[in-house]
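Everything on this sheet refers to the single structure shown next.
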Amino acid sequence: GRAAKLRDVRVPTLVMHGSADTLITPSGGERTAELIPGARFVLIEGMGHDSPPQLWRRWVDEVVGFIRS
């Protein structure tokens with residue numbers, strides 16, 4: 001199933017999830033990150049299940065920081 005396939009992921013993975021997501025709860029994002037070996041989880045306060053322009057800078061900063069690490 002899904003969990004077994006996520007455990008097989010072997011690429012650096014950043015999981016970003018919104019604290020206000022009503023479609024998939026933050027625990028779903030946390031679980032995804034737990035299942036992928038070495039994944040990093042970032043909870044973005046106030047974000048829902050969307051990509052609002054006011055958060056694009058934050059996203060870029062998170063991704064760049066992840067790549068640099």
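Residue numbering restarts at 1 in every chain; chains get A, B, ... in the order shown in the structure tokens, and ligands count up from 1 in that same order.
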
request  = Write out as a VMD selection string which residues come within 8 Å of region 1-16 of chain A when counting only C-alpha atoms, dropping same-chain ones fewer than 6 positions away.
outcome  = chain A and resid 29 to 30 32 to 33 35 to 44 63 66

Generate the output file for the selected residues, all heavy atoms, as a CSV table (one decimal), in the first residue's frame.
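Saved the output as selection.csv:
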chain,number,residue,atom,x,y,z
A,29,GLY,N,0.3,15.0,6.8
A,29,GLY,CA,1.6,15.4,6.3
A,29,GLY,C,2.7,14.9,7.2
A,29,GLY,O,3.8,14.5,6.7
A,30,GLU,N,2.5,15.0,8.5
A,30,GLU,CA,3.5,14.4,9.4
A,30,GLU,C,3.7,12.9,9.2
A,30,GLU,O,4.9,12.5,9.2
A,30,GLU,CB,3.0,14.7,10.9
A,30,GLU,CG,3.1,16.1,11.3
A,30,GLU,CD,2.6,16.3,12.7
A,30,GLU,OE1,1.4,15.9,13.0
A,30,GLU,OE2,3.4,16.8,13.6
A,32,THR,N,3.3,11.3,6.4
A,32,THR,CA,4.0,11.1,5.2
A,32,THR,C,5.5,11.3,5.4
A,32,THR,O,6.3,10.5,5.0
A,32,THR,CB,3.5,12.1,4.1
A,32,THR,OG1,2.1,11.8,3.9
A,32,THR,CG2,4.3,12.0,2.8
A,33,ALA,N,5.8,12.3,6.1
A,33,ALA,CA,7.3,12.6,6.4
A,33,ALA,C,7.9,11.5,7.3
A,33,ALA,O,9.0,11.1,7.1
A,33,ALA,CB,7.4,13.9,7.1
A,35,LEU,N,7.1,8.3,7.3
A,35,LEU,CA,7.3,7.1,6.5
A,35,LEU,C,8.4,7.2,5.5
A,35,LEU,O,9.0,6.2,5.1
A,35,LEU,CB,6.0,6.8,5.7
A,35,LEU,CG,4.8,6.4,6.6
A,35,LEU,CD1,3.5,6.4,5.8
A,35,LEU,CD2,5.1,5.0,7.2
A,36,ILE,N,8.7,8.4,5.0
A,36,ILE,CA,9.8,8.6,4.0
A,36,ILE,C,11.2,8.7,4.8
A,36,ILE,O,11.3,9.6,5.6
A,36,ILE,CB,9.6,9.8,3.1
A,36,ILE,CG1,8.3,9.6,2.3
A,36,ILE,CG2,10.8,10.0,2.2
A,36,ILE,CD1,7.9,10.9,1.6
A,37,PRO,N,12.1,7.8,4.6
A,37,PRO,CA,13.3,7.8,5.3
A,37,PRO,C,14.1,9.2,5.2
A,37,PRO,O,14.3,9.7,4.1
A,37,PRO,CB,14.2,6.7,4.7
A,37,PRO,CG,13.2,5.8,4.1
A,37,PRO,CD,12.0,6.6,3.7
A,38,GLY,N,14.3,9.8,6.3
A,38,GLY,CA,15.1,11.1,6.3
A,38,GLY,C,14.3,12.3,5.9
A,38,GLY,O,14.9,13.4,5.8
A,39,ALA,N,13.0,12.2,5.7
A,39,ALA,CA,12.2,13.3,5.2
A,39,ALA,C,12.2,14.4,6.3
A,39,ALA,O,12.2,14.1,7.5
A,39,ALA,CB,10.8,12.9,4.8
A,40,ARG,N,12.0,15.6,5.9
A,40,ARG,CA,11.8,16.8,6.8
A,40,ARG,C,10.4,17.3,6.7
A,40,ARG,O,9.9,17.4,5.6
A,40,ARG,CB,12.8,17.9,6.5
A,40,ARG,CG,12.6,19.1,7.5
A,40,ARG,CD,13.5,20.3,7.1
A,40,ARG,NE,14.9,19.9,7.1
A,40,ARG,CZ,15.8,20.7,6.6
A,40,ARG,NH1,15.5,21.9,6.2
A,40,ARG,NH2,17.1,20.3,6.6
A,41,PHE,N,9.7,17.5,7.8
A,41,PHE,CA,8.4,18.0,7.9
A,41,PHE,C,8.4,19.5,8.3
A,41,PHE,O,9.0,19.8,9.3
A,41,PHE,CB,7.5,17.2,8.8
A,41,PHE,CG,6.1,17.7,9.0
A,41,PHE,CD1,5.2,17.5,8.0
A,41,PHE,CD2,5.7,18.4,10.1
A,41,PHE,CE1,3.9,18.0,8.1
A,41,PHE,CE2,4.4,18.9,10.2
A,41,PHE,CZ,3.5,18.7,9.2
A,42,VAL,N,7.7,20.3,7.6
A,42,VAL,CA,7.5,21.7,8.0
A,42,VAL,C,6.0,22.1,8.0
A,42,VAL,O,5.3,21.9,7.0
A,42,VAL,CB,8.2,22.7,6.9
A,42,VAL,CG1,7.9,24.1,7.3
A,42,VAL,CG2,9.7,22.4,6.9
A,43,LEU,N,5.6,22.6,9.1
A,43,LEU,CA,4.2,23.0,9.3
A,43,LEU,C,4.2,24.5,9.1
A,43,LEU,O,4.9,25.2,9.8
A,43,LEU,CB,3.7,22.6,10.7
A,43,LEU,CG,2.2,22.9,10.9
A,43,LEU,CD1,1.3,22.1,10.0
A,43,LEU,CD2,1.8,22.7,12.4
A,44,ILE,N,3.3,25.0,8.2
A,44,ILE,CA,3.2,26.4,7.9
A,44,ILE,C,1.9,26.9,8.5
A,44,ILE,O,0.8,26.5,8.1
A,44,ILE,CB,3.3,26.7,6.4
A,44,ILE,CG1,4.6,26.2,5.8
A,44,ILE,CG2,3.1,28.2,6.1
A,44,ILE,CD1,4.8,26.3,4.3
A,63,VAL,N,12.5,25.6,0.7
A,63,VAL,CA,13.1,24.7,-0.3
A,63,VAL,C,14.6,25.0,-0.4
A,63,VAL,O,15.4,24.0,-0.4
A,63,VAL,CB,12.3,24.8,-1.6
A,63,VAL,CG1,13.1,24.0,-2.7
A,63,VAL,CG2,10.9,24.3,-1.5
A,66,PHE,N,16.3,23.6,2.6
A,66,PHE,CA,16.4,22.2,2.5
A,66,PHE,C,17.4,21.7,1.6
A,66,PHE,O,18.2,20.8,1.9
A,66,PHE,CB,15.0,21.6,2.1
A,66,PHE,CG,14.9,20.1,2.0
A,66,PHE,CD1,14.9,19.4,3.1
A,66,PHE,CD2,14.9,19.5,0.8
A,66,PHE,CE1,14.8,18.0,3.0
A,66,PHE,CE2,14.8,18.2,0.7
A,66,PHE,CZ,14.8,17.4,1.8

request  = List the neighbours of His49 (chain A) out to 7 Å using only C-alpha atoms; skip same-chain residues closer than 5 positions along the sequence, and give me the result as a list in words.
outcome  =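 Here the qualifying residues turn out to be Gly18, Asp21, Thr22 and Leu23 of chain A.
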
query = Quick one, how far is CA of Pro26 (chain A) from CA of Trp56 (chain A)?
reply =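 Between these atoms lies a distance of 19.1 Å.
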
message = DSSP on the backbone: which residues in chain A end up as strand (DSSP E)? Give the answer as a list in words.
response = Leu14, Val15, Met16, His17, Gly18, Arg40, Phe41, Val42, Leu43 and Ile44 of chain A

Keeping only N, CA and C atoms, write the selected residues as a compact mmCIF listing (two decimals), in the first residue's frame.
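Output file result13.txt follows:
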# COMPACT_ATOMS: atom_id res chain seq x y z
N LEU A 14 11.13 16.96 1.28
CA LEU A 14 10.61 18.00 2.16
C LEU A 14 9.09 17.97 2.05
N VAL A 15 8.42 17.77 3.18
CA VAL A 15 6.96 17.76 3.21
C VAL A 15 6.52 19.05 3.90
N MET A 16 5.84 19.92 3.15
CA MET A 16 5.32 21.17 3.71
C MET A 16 3.81 21.04 3.79
N HIS A 17 3.28 21.43 4.96
CA HIS A 17 1.84 21.25 5.17
C HIS A 17 1.29 22.46 5.92
N GLY A 18 0.07 22.84 5.59
CA GLY A 18 -0.57 23.97 6.26
C GLY A 18 -1.28 23.57 7.53
N ARG A 40 11.99 15.64 5.88
CA ARG A 40 11.81 16.76 6.80
C ARG A 40 10.38 17.26 6.68
N PHE A 41 9.74 17.54 7.81
CA PHE A 41 8.37 18.05 7.85
C PHE A 41 8.38 19.49 8.31
N VAL A 42 7.65 20.34 7.59
CA VAL A 42 7.51 21.75 7.96
C VAL A 42 6.03 22.07 8.00
N LEU A 43 5.57 22.56 9.14
CA LEU A 43 4.19 22.99 9.29
C LEU A 43 4.16 24.50 9.09
N ILE A 44 3.33 24.96 8.16
CA ILE A 44 3.23 26.39 7.87
C ILE A 44 1.95 26.91 8.51

task = Kindly give the distance, in Å, that separates CA of Val64 (chain A) and CA of Met47 (chain A), rounded to a single decimal.
result =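 Going from CA of Val64 (chain A) over to CA of Met47 (chain A) covers 19.3 Å.
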
ask   = Between CA of Gly48 (chain A) and CA of Ser19 (chain A), what is the spacing in Å?
value =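 Result for CA of Ser19 (chain A) versus CA of Gly48 (chain A): 6.6 Å, one decimal.
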
request  = Return as a VMD selection string the full set of residues in chain A whose backbone-based DSSP assignment is alpha helix (DSSP H).
outcome  = chain A and resid 2 to 7 26 to 35 56 to 68
